[in-house]
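Engineer: Data: data_28.cif, mmCIF, C-alpha atoms.
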```cif
data_protein
loop_
_atom_site.label_atom_id
_atom_site.label_comp_id
_atom_site.auth_asym_id
_atom_site.auth_seq_id
_atom_site.Cartn_x
_atom_site.Cartn_y
_atom_site.Cartn_z
CA MET A 1 69.32 76.39 120.27
CA TYR A 2 65.54 76.61 119.89
CA GLN A 3 63.93 79.79 121.16
CA THR A 4 60.29 80.72 121.59
CA ASP A 5 58.09 82.85 123.84
CA ILE A 6 55.17 82.22 126.13
CA SER A 7 52.84 85.23 126.04
CA LEU A 8 50.14 85.59 128.64
CA THR A 9 47.88 88.01 130.46
CA THR A 10 48.05 88.22 134.24
CA HIS A 11 45.24 89.48 136.44
CA GLY A 12 46.67 91.58 139.22
CA GLU A 13 49.00 91.38 142.18
CA GLY A 14 49.38 87.88 143.52
CA ASP A 15 48.26 86.13 140.37
CA ILE A 16 50.26 82.92 139.89
CA ILE A 17 50.23 81.15 136.52
CA ASP A 18 51.17 77.51 135.94
CA LEU A 19 53.52 77.47 132.92
CA THR A 20 54.34 73.76 133.01
CA ALA A 21 52.19 72.66 130.08
CA GLU A 22 53.49 75.45 127.85
CA VAL A 23 57.10 74.72 128.75
CA ARG A 24 56.53 71.04 128.02
CA SER A 25 55.00 71.99 124.68
CA ALA A 26 57.99 74.22 123.82
CA VAL A 27 60.37 71.34 124.58
CA ALA A 28 58.32 69.05 122.34
CA LYS A 29 58.35 71.58 119.48
CA SER A 30 62.12 72.03 119.78
CA GLY A 31 62.67 68.44 118.71
CA VAL A 32 65.44 68.17 121.33
CA ASP A 33 65.39 64.88 123.22
CA GLU A 34 67.78 65.51 126.11
CA GLY A 35 68.83 68.89 127.35
CA LEU A 36 68.03 72.02 129.29
CA VAL A 37 65.25 74.56 129.01
CA ASN A 38 65.94 78.06 130.25
CA LEU A 39 63.08 80.37 131.20
CA PHE A 40 63.40 84.11 131.68
CA ILE A 41 60.78 86.70 132.50
CA THR A 42 61.28 90.16 131.06
CA GLY A 43 60.39 92.90 133.54
CA SER A 44 61.25 93.72 137.13
CA THR A 45 57.92 93.11 138.85
CA ALA A 46 57.36 89.41 138.13
CA ALA A 47 59.37 86.28 138.93
CA LEU A 48 59.73 82.60 138.11
CA THR A 49 60.03 79.63 140.48
CA THR A 50 58.66 76.13 141.05
CA ILE A 51 56.00 75.18 143.60
CA GLU A 52 53.11 72.76 143.96
CA PHE A 53 50.24 74.41 142.08
CA GLU A 54 47.73 74.10 144.90
CA PRO A 55 45.69 77.15 146.02
CA GLY A 56 46.55 76.78 149.70
CA VAL A 57 50.31 76.79 149.28
CA LEU A 58 50.12 79.61 146.74
CA SER A 59 48.41 81.71 149.44
CA ASP A 60 51.13 80.68 151.86
CA LEU A 61 53.79 81.88 149.43
CA ARG A 62 52.05 85.26 149.00
CA ARG A 63 51.95 85.68 152.77
CA ALA A 64 55.65 84.79 153.11
CA LEU A 65 56.64 87.37 150.49
CA SER A 66 54.63 90.01 152.34
CA VAL A 67 56.81 89.47 155.42
CA VAL A 68 59.84 90.96 153.65
CA ALA A 69 57.84 93.40 151.53
CA PRO A 70 54.61 94.32 153.36
CA ASN A 71 51.81 96.37 151.83
CA ASP A 72 51.58 98.80 154.73
CA ILE A 73 55.06 100.33 154.91
CA PRO A 74 56.47 103.24 152.90
CA TYR A 75 58.82 102.46 149.99
CA GLU A 76 61.55 104.75 148.74
CA HIS A 77 60.64 103.70 145.21
CA ASP A 78 57.08 104.90 145.67
CA ARG A 79 58.26 108.16 147.24
CA ALA A 80 60.49 108.83 144.21
CA TRP A 81 58.20 107.66 141.44
CA GLY A 82 54.69 107.43 142.88
CA ASP A 83 54.35 104.01 141.31
CA GLY A 84 52.97 102.24 144.38
CA ASN A 85 54.75 99.05 143.35
CA GLY A 86 57.95 99.25 145.41
CA ARG A 87 57.00 95.99 147.11
CA SER A 88 56.57 94.33 143.69
CA HIS A 89 60.15 95.15 142.67
CA VAL A 90 61.56 93.90 145.97
CA LYS A 91 59.74 90.55 145.84
CA ALA A 92 60.73 90.02 142.19
CA ALA A 93 64.42 90.68 142.90
CA LEU A 94 64.38 88.17 145.76
CA VAL A 95 62.68 85.33 143.87
CA GLY A 96 64.54 86.01 140.63
CA PRO A 97 63.77 86.11 136.89
CA SER A 98 65.37 82.90 135.59
CA LEU A 99 65.11 79.12 135.93
CA THR A 100 66.93 76.34 134.10
CA ILE A 101 65.30 72.92 134.02
CA PRO A 102 66.63 69.63 132.60
CA PHE A 103 64.66 67.14 130.50
CA ARG A 104 65.33 63.63 129.20
CA LYS A 105 63.52 61.76 126.46
CA GLY A 106 61.49 64.92 126.04
CA SER A 107 60.20 64.87 129.66
CA LEU A 108 60.87 67.65 132.15
CA LEU A 109 62.61 66.40 135.29
CA THR A 110 60.28 68.38 137.54
CA GLY A 111 58.39 66.44 140.21
CA THR A 112 54.75 65.41 140.08
CA TRP A 113 53.84 68.17 142.53
CA GLN A 114 56.38 70.67 141.27
CA GLN A 115 54.98 73.11 138.73
CA ILE A 116 56.79 75.94 136.93
CA VAL A 117 55.10 79.20 137.85
CA LEU A 118 55.08 82.87 136.98
CA LEU A 119 54.46 85.14 139.97
CA GLU A 120 52.73 88.36 138.99
CA LEU A 121 53.81 90.82 141.68
CA ASP A 122 52.83 94.14 140.10
CA ILE A 123 49.75 96.06 141.16
CA ARG A 124 48.07 96.75 137.81
CA SER A 125 44.80 94.95 137.25
CA THR A 126 46.04 93.26 134.07
CA ARG A 127 49.44 92.94 132.43
CA GLN A 128 50.83 91.31 129.33
CA ARG A 129 53.83 89.15 130.18
CA THR A 130 56.39 87.38 128.03
CA VAL A 131 58.42 84.42 129.26
CA HIS A 132 61.38 83.62 127.00
CA VAL A 133 62.10 79.96 126.47
CA ALA A 134 65.44 78.61 125.18
CA VAL A 135 65.97 74.90 124.64
CA LEU A 136 69.41 73.38 124.18
CA GLY A 137 70.68 69.82 123.95
CA SER A 138 70.70 67.04 121.41
CA MET B 1 75.60 67.39 126.84
CA TYR B 2 76.57 64.99 129.59
CA GLN B 3 73.83 64.17 132.10
CA THR B 4 73.97 62.26 135.37
CA ASP B 5 72.23 62.19 138.76
CA ILE B 6 73.32 62.63 142.33
CA SER B 7 71.19 60.40 144.57
CA LEU B 8 71.23 60.88 148.29
CA THR B 9 69.32 60.37 151.51
CA THR B 10 68.46 63.38 153.66
CA HIS B 11 67.73 63.23 157.38
CA GLY B 12 64.90 65.54 158.22
CA GLU B 13 63.93 69.18 158.12
CA GLY B 14 66.90 71.51 158.10
CA ASP B 15 69.38 68.94 156.84
CA ILE B 16 71.89 70.61 154.52
CA ILE B 17 74.11 68.48 152.27
CA ASP B 18 77.36 69.63 150.65
CA LEU B 19 77.19 68.53 147.00
CA THR B 20 80.43 70.17 145.86
CA ALA B 21 82.58 67.03 145.66
CA GLU B 22 79.92 65.12 143.71
CA VAL B 23 79.41 68.00 141.28
CA ARG B 24 83.17 68.22 140.75
CA SER B 25 83.24 64.49 140.12
CA ALA B 26 80.41 64.74 137.58
CA VAL B 27 82.29 67.49 135.73
CA ALA B 28 85.43 65.31 135.67
CA LYS B 29 83.48 62.31 134.33
CA SER B 30 81.90 64.44 131.58
CA GLY B 31 85.30 64.99 129.98
CA VAL B 32 84.32 68.61 129.32
CA ASP B 33 87.14 71.06 130.02
CA GLU B 34 85.37 74.43 129.94
CA GLY B 35 81.68 74.96 130.34
CA LEU B 36 78.65 75.12 132.58
CA VAL B 37 77.13 72.63 134.98
CA ASN B 38 73.41 72.92 135.68
CA LEU B 39 71.94 71.44 138.84
CA PHE B 40 68.24 70.86 139.42
CA ILE B 41 66.44 69.31 142.37
CA THR B 42 63.25 67.41 141.59
CA GLY B 43 60.55 68.04 144.19
CA SER B 44 58.92 71.08 145.75
CA THR B 45 60.22 70.85 149.34
CA ALA B 46 63.98 71.09 148.81
CA ALA B 47 66.21 73.72 147.24
CA LEU B 48 69.71 74.41 145.93
CA THR B 49 72.02 77.32 146.67
CA THR B 50 75.64 78.09 147.58
CA ILE B 51 76.92 78.95 151.06
CA GLU B 52 79.99 78.40 153.21
CA PHE B 53 79.56 74.89 154.58
CA GLU B 54 80.15 75.85 158.22
CA PRO B 55 77.69 74.70 160.93
CA GLY B 56 77.20 78.18 162.41
CA VAL B 57 76.16 79.86 159.19
CA LEU B 58 73.95 76.92 158.22
CA SER B 59 72.05 77.50 161.48
CA ASP B 60 71.82 81.17 160.64
CA LEU B 61 70.32 80.32 157.25
CA ARG B 62 67.71 78.04 158.86
CA ARG B 63 66.74 80.83 161.26
CA ALA B 64 66.43 83.33 158.41
CA LEU B 65 64.13 81.03 156.43
CA SER B 66 61.93 80.62 159.51
CA VAL B 67 61.32 84.38 159.54
CA VAL B 68 59.32 84.17 156.31
CA ALA B 69 57.92 80.69 156.99
CA PRO B 70 57.72 80.12 160.75
CA ASN B 71 56.84 76.79 162.34
CA ASP B 72 54.16 78.21 164.60
CA ILE B 73 51.67 79.77 162.20
CA PRO B 74 48.83 78.07 160.30
CA TYR B 75 49.37 77.27 156.60
CA GLU B 76 46.59 77.07 154.03
CA HIS B 77 48.42 74.12 152.49
CA ASP B 78 48.25 72.19 155.76
CA ARG B 79 44.59 73.08 156.22
CA ALA B 80 43.80 71.69 152.75
CA TRP B 81 46.01 68.62 152.76
CA GLY B 82 47.03 67.95 156.36
CA ASP B 83 50.61 67.56 155.19
CA GLY B 84 52.18 69.76 157.84
CA ASN B 85 54.83 70.88 155.36
CA GLY B 86 53.36 74.16 154.10
CA ARG B 87 56.44 75.97 155.38
CA SER B 88 58.70 73.56 153.44
CA HIS B 89 57.04 74.43 150.13
CA VAL B 90 57.26 78.15 150.81
CA LYS B 91 60.97 78.08 151.68
CA ALA B 92 61.76 75.91 148.65
CA ALA B 93 59.93 78.25 146.26
CA LEU B 94 61.85 81.24 147.62
CA VAL B 95 65.33 79.71 147.42
CA GLY B 96 64.69 77.94 144.12
CA PRO B 97 65.41 74.55 142.53
CA SER B 98 68.16 75.36 140.02
CA LEU B 99 71.75 76.62 139.87
CA THR B 100 74.13 77.01 136.93
CA ILE B 101 77.85 77.12 137.68
CA PRO B 102 80.79 77.69 135.31
CA PHE B 103 84.04 75.72 135.26
CA ARG B 104 87.37 76.13 133.44
CA LYS B 105 90.10 73.55 132.97
CA GLY B 106 87.78 71.17 134.78
CA SER B 107 87.63 73.35 137.94
CA LEU B 108 84.43 74.83 139.30
CA LEU B 109 84.56 78.61 139.62
CA THR B 110 83.03 78.54 143.09
CA GLY B 111 85.00 80.21 145.88
CA THR B 112 87.04 78.44 148.54
CA TRP B 113 84.32 79.05 151.12
CA GLN B 114 81.42 78.69 148.72
CA GLN B 115 79.94 75.20 148.66
CA ILE B 116 77.04 73.90 146.58
CA VAL B 117 74.30 72.74 148.94
CA LEU B 118 70.99 70.93 148.97
CA LEU B 119 68.55 72.28 151.56
CA GLU B 120 66.19 69.60 152.82
CA LEU B 121 63.13 71.54 153.92
CA ASP B 122 60.54 68.77 154.24
CA ILE B 123 59.46 67.36 157.59
CA ARG B 124 59.85 63.62 157.02
CA SER B 125 62.60 61.97 159.02
CA THR B 126 64.32 60.65 155.89
CA ARG B 127 63.90 61.28 152.18
CA GLN B 128 65.52 60.07 149.00
CA ARG B 129 66.55 63.01 146.83
CA THR B 130 67.81 63.23 143.26
CA VAL B 131 69.80 66.18 141.94
CA HIS B 132 70.04 66.22 138.16
CA VAL B 133 73.37 67.29 136.73
CA ALA B 134 73.85 68.49 133.15
CA VAL B 135 77.29 69.47 131.85
CA LEU B 136 77.79 71.44 128.65
CA GLY B 137 80.80 72.98 126.99
CA SER B 138 83.83 71.86 125.06
CA MET C 1 81.18 78.63 124.47
CA TYR C 2 82.71 82.07 125.01
CA GLN C 3 83.90 82.82 128.54
CA THR C 4 85.12 86.04 130.10
CA ASP C 5 85.15 87.79 133.48
CA ILE C 6 83.85 91.06 134.81
CA SER C 7 86.22 92.34 137.50
CA LEU C 8 85.17 95.16 139.76
CA THR C 9 85.68 96.81 143.12
CA THR C 10 82.76 97.13 145.51
CA HIS C 11 82.52 99.71 148.27
CA GLY C 12 81.04 98.14 151.35
CA GLU C 13 77.90 96.44 152.58
CA GLY C 14 74.85 97.32 150.57
CA ASP C 15 76.74 98.46 147.48
CA ILE C 16 74.80 97.48 144.35
CA ILE C 17 76.51 97.55 140.95
CA ASP C 18 74.74 97.67 137.59
CA LEU C 19 76.41 95.03 135.39
CA THR C 20 74.10 95.38 132.39
CA ALA C 21 76.47 97.34 130.10
CA GLU C 22 79.34 94.93 130.79
CA VAL C 23 77.17 91.88 130.16
CA ARG C 24 75.94 93.43 126.91
CA SER C 25 79.55 94.10 125.92
CA ALA C 26 80.54 90.48 126.68
CA VAL C 27 77.70 89.22 124.50
CA ALA C 28 78.85 91.52 121.67
CA LYS C 29 82.45 90.31 121.98
CA SER C 30 81.35 86.67 121.90
CA GLY C 31 80.08 87.07 118.34
CA VAL C 32 77.08 84.93 119.24
CA ASP C 33 73.83 86.24 117.78
CA GLU C 34 71.18 84.21 119.61
CA GLY C 35 71.70 82.38 122.86
CA LEU C 36 72.09 82.50 126.60
CA VAL C 37 74.49 84.30 128.87
CA ASN C 38 75.20 82.76 132.27
CA LEU C 39 76.51 84.90 135.11
CA PHE C 40 78.06 83.54 138.28
CA ILE C 41 79.57 85.36 141.23
CA THR C 42 82.43 83.62 143.01
CA GLY C 43 82.20 84.01 146.79
CA SER C 44 79.55 83.45 149.44
CA THR C 45 78.84 87.04 150.52
CA ALA C 46 77.60 88.57 147.27
CA ALA C 47 74.69 87.74 144.95
CA LEU C 48 73.24 88.40 141.50
CA THR C 49 69.69 89.35 140.55
CA THR C 50 67.77 91.78 138.35
CA ILE C 51 66.02 94.93 139.53
CA GLU C 52 65.28 98.45 138.33
CA PHE C 53 68.50 100.36 138.96
CA GLU C 54 66.84 103.26 140.78
CA PRO C 55 68.20 104.42 144.17
CA GLY C 56 64.85 104.24 145.96
CA VAL C 57 64.08 100.65 145.11
CA LEU C 58 67.66 99.59 145.84
CA SER C 59 67.15 100.96 149.38
CA ASP C 60 63.88 99.08 149.58
CA LEU C 61 65.67 95.85 148.63
CA ARG C 62 68.34 96.39 151.32
CA ARG C 63 65.60 96.93 153.92
CA ALA C 64 63.79 93.75 152.83
CA LEU C 65 66.95 91.65 153.14
CA SER C 66 67.49 93.01 156.64
CA VAL C 67 64.12 91.58 157.70
CA VAL C 68 65.43 88.03 157.34
CA ALA C 69 69.01 88.86 158.32
CA PRO C 70 69.00 91.88 160.64
CA ASN C 71 72.13 93.67 161.80
CA ASP C 72 71.23 93.57 165.47
CA ILE C 73 70.87 89.87 166.23
CA PRO C 74 73.61 87.37 167.11
CA TYR C 75 74.81 84.99 164.35
CA GLU C 76 76.22 81.53 164.99
CA HIS C 77 78.71 82.20 162.21
CA ASP C 78 80.06 85.25 163.99
CA ARG C 79 80.23 83.39 167.31
CA ALA C 80 82.32 80.64 165.67
CA TRP C 81 84.56 82.76 163.48
CA GLY C 82 84.32 86.33 164.70
CA ASP C 83 83.81 87.46 161.12
CA GLY C 84 80.85 89.73 161.78
CA ASN C 85 79.42 88.86 158.38
CA GLY C 86 76.96 86.10 159.26
CA ARG C 87 74.15 88.21 157.86
CA SER C 88 76.07 88.63 154.58
CA HIS C 89 76.26 84.87 154.04
CA VAL C 90 72.58 84.41 154.79
CA LYS C 91 71.42 87.10 152.38
CA ALA C 92 73.72 85.80 149.62
CA ALA C 93 72.43 82.23 149.98
CA LEU C 94 68.83 83.44 149.71
CA VAL C 95 69.28 85.61 146.61
CA GLY C 96 71.68 83.20 144.91
CA PRO C 97 74.91 83.35 142.90
CA SER C 98 73.74 82.62 139.34
CA LEU C 99 71.52 84.06 136.61
CA THR C 100 70.94 82.90 133.03
CA ILE C 101 69.61 85.47 130.56
CA PRO C 102 68.61 85.01 126.91
CA PHE C 103 69.51 87.30 124.02
CA ARG C 104 68.43 87.55 120.38
CA LYS C 105 70.15 89.43 117.55
CA GLY C 106 72.77 90.31 120.13
CA SER C 107 70.25 92.07 122.44
CA LEU C 108 69.58 90.97 126.01
CA LEU C 109 65.91 90.15 126.62
CA THR C 110 65.89 92.08 129.89
CA GLY C 111 63.29 94.82 130.26
CA THR C 112 63.92 98.55 129.96
CA TRP C 113 63.73 98.93 133.73
CA GLN C 114 65.32 95.60 134.54
CA GLN C 115 69.05 95.82 135.18
CA ILE C 116 71.46 93.01 136.04
CA VAL C 117 72.99 93.75 139.43
CA LEU C 118 75.65 92.52 141.80
CA LEU C 119 74.69 92.86 145.46
CA GLU C 120 77.70 93.37 147.70
CA LEU C 121 76.59 92.00 151.05
CA ASP C 122 79.90 91.69 152.88
CA ILE C 123 81.01 94.18 155.53
CA ARG C 124 84.51 95.07 154.35
CA SER C 125 84.95 98.63 153.13
CA THR C 126 86.19 97.50 149.71
CA ARG C 127 86.33 94.16 147.93
CA GLN C 128 87.50 92.88 144.58
CA ARG C 129 84.76 90.83 142.90
CA THR C 130 84.76 88.64 139.80
CA VAL C 131 81.60 87.79 137.87
CA HIS C 132 82.09 84.91 135.44
CA VAL C 133 80.33 85.26 132.11
CA ALA C 134 79.65 82.35 129.75
CA VAL C 135 77.91 82.87 126.42
CA LEU C 136 76.44 80.02 124.40
CA GLY C 137 74.35 79.88 121.28
CA SER C 138 74.83 80.31 117.55
#
```
Translate the structure described by the file into structure tokens.

Structural biologist:
Amino acid sequence: MYQTDISLTTHGEGDIIDLTAEVRSAVAKSGVDEGLVNLFITGSTAALTTIEFEPGVLSDLRRALSVVAPNDIPYEHDRAWGDGNGRSHVKAALVGPSLTIPFRKGSLLTGTWQQIVLLELDIRSTRQRTVHVAVLGS
Amino acid sequence: MYQTDISLTTHGEGDIIDLTAEVRSAVAKSGVDEGLVNLFITGSTAALTTIEFEPGVLSDLRRALSVVAPNDIPYEHDRAWGDGNGRSHVKAALVGPSLTIPFRKGSLLTGTWQQIVLLELDIRSTRQRTVHVAVLGS
Amino acid sequence: MYQTDISLTTHGEGDIIDLTAEVRSAVAKSGVDEGLVNLFITGSTAALTTIEFEPGVLSDLRRALSVVAPNDIPYEHDRAWGDGNGRSHVKAALVGPSLTIPFRKGSLLTGTWQQIVLLELDIRSTRQRTVHVAVLGS
């Protein structure tokens, strides 16, 4: 199993980063031809998924997440800890921290309009994030 | 690692297909006795999950998804591209494209009332879909 | 591949169990130093995710799930089967049954405030649950 990390800086709540090129590069470096790549984001206020990396639909996704975790309601988490990021935790738990994606002949089997993305859901103006990448196969 | 595809035709927005028998068949063909099967749907307007394959609860799931991505609101994606499927992308990103399921002695460890399903979320009347299957173990 | 189970009793709708210590213990028992651990919950009315295991934010998560699957609306599933747990199925399908988490030198790459949790979503007062654990790597 080949393991590596993708390290990046995010720029505030709602930032969405396209990881596809870096995941493709990790698969290439692994030397594995056919297999699976697992991605995992450490931390409880960010999440991983796939979506078309197009500004309009990214806005639509942000709006949808705010239906279940609006900005303008009180959170028990914020009452207890004063963090102000209760909504960030809730959105991250719903979307989830892990993705596993197949590849063949070194090519990810994602669609042309299906990018691998990191959702920054926390409220700090910048954050360092690490996505763990594990490649297995033959 | 054994890899294969499940190819199928879906019939419009809200179609939900039970993939359990085909996944079981792929595991049997792999010859692997104990391991994991990863499923991944290519494309950004469909998703994979597990649910009881019962018409009532499938309707309930469709209704729930429409709470976060209703039919009757404007989408930035549709404004930019005129696709009309902004809601499809949003639902797919929330549910997610991948699942990993264990099996032992060739049997999936899903429950009796827990089926593996493809959610067709796009608005075209028919679509060809490919679910990639990767089996690993010993 | 090393496989084991985590067996536990849950205590009603909304119970959330921290599985992190048991997952860590399974990884230790596997003898694998670097790899991936896959978790899968059998059954269609429970789910797995990661979140900070803090009572406030767990309440916030329950509230968020009730936005898409409220207690006080009719469910087609309940009409057909009289189970009363239509909302449980819907929430479980949205959060999902599987998680795959990397580890290195025997340590899970989860964050300090990121616990692995089982969400009990069913309405029975107690339930036996089994989480399947598969460890792979070298």

Engineer: Identify all chain B residues at most 10 Å from chain A by counting all atoms listed in the file; ligands do not count. Present them as a ChimeraX atom specification.

Structural biologist: /B:1-3,38-45,65-70,74-81,85-100,131-136

Engineer: If the PyMOL selection byres ((chain A and resi 16) around 6) is run on the structure shown, which residues does it catch, given as a list in words?

Structural biologist: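 This file gives the following for the PyMOL selection byres ((chain A and resi 16) around 6): Asp15, Ile17, Leu118 and Leu119 of chain A.
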
Engineer: Provide the atom CA of C:Thr130 to atom CA of C:Ile6 distance in Å, to one decimal place.

Structural biologist: 5.6 Å

Engineer: Just so the selection is clear, what residues does the PyMOL selection byres ((chain B and resi 124) around 12) cover here, as number ranges by chain?

Structural biologist: B: 9-15, 45-46, 83-85, 88, 120-123, 125-128

Engineer: Step by step, work through what the PyMOL selection byres ((chain A and resi 28) around 12) selects in the shown file, and finish by giving those residues as a list of chain:residue names.

Structural biologist: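 Matching residues under the PyMOL selection byres ((chain A and resi 28) around 12) are A:Tyr2, A:Thr4, A:Ala21, A:Glu22, A:Val23, A:Arg24, A:Ser25, A:Ala26, A:Val27, A:Lys29, A:Ser30, A:Gly31, A:Val32, A:Asp33, A:Glu34, A:Gly35, A:Val37, A:Phe103, A:Arg104, A:Lys105, A:Gly106, A:Ser107, A:Leu108, A:Val135.
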
Engineer: Box for stretch 90-106 of chain A: with edges along x, y and z, all listed atoms inside and 5 Å added on each side, what are the centre and edge lengths in Å to one decimal, as lines of an AutoDock Vina configuration file?

Structural biologist:
```
center_x = 63.3
center_y = 77.8
center_z = 136.0
size_x = 17.2
size_y = 42.1
size_z = 29.9
```

Engineer: As an exercise, work out the distance from atom CA of A:Asp72 to atom CA of B:Ile73 in Å and give it to one decimal place.

Structural biologist: 20.4 Å

Engineer: What is the atom CA of C:Ala47-atom CA of B:Asp5 distance in Å, reported with one decimal?

Structural biologist: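 Going from atom CA of C:Ala47 over to atom CA of B:Asp5 covers 26.4 Å.
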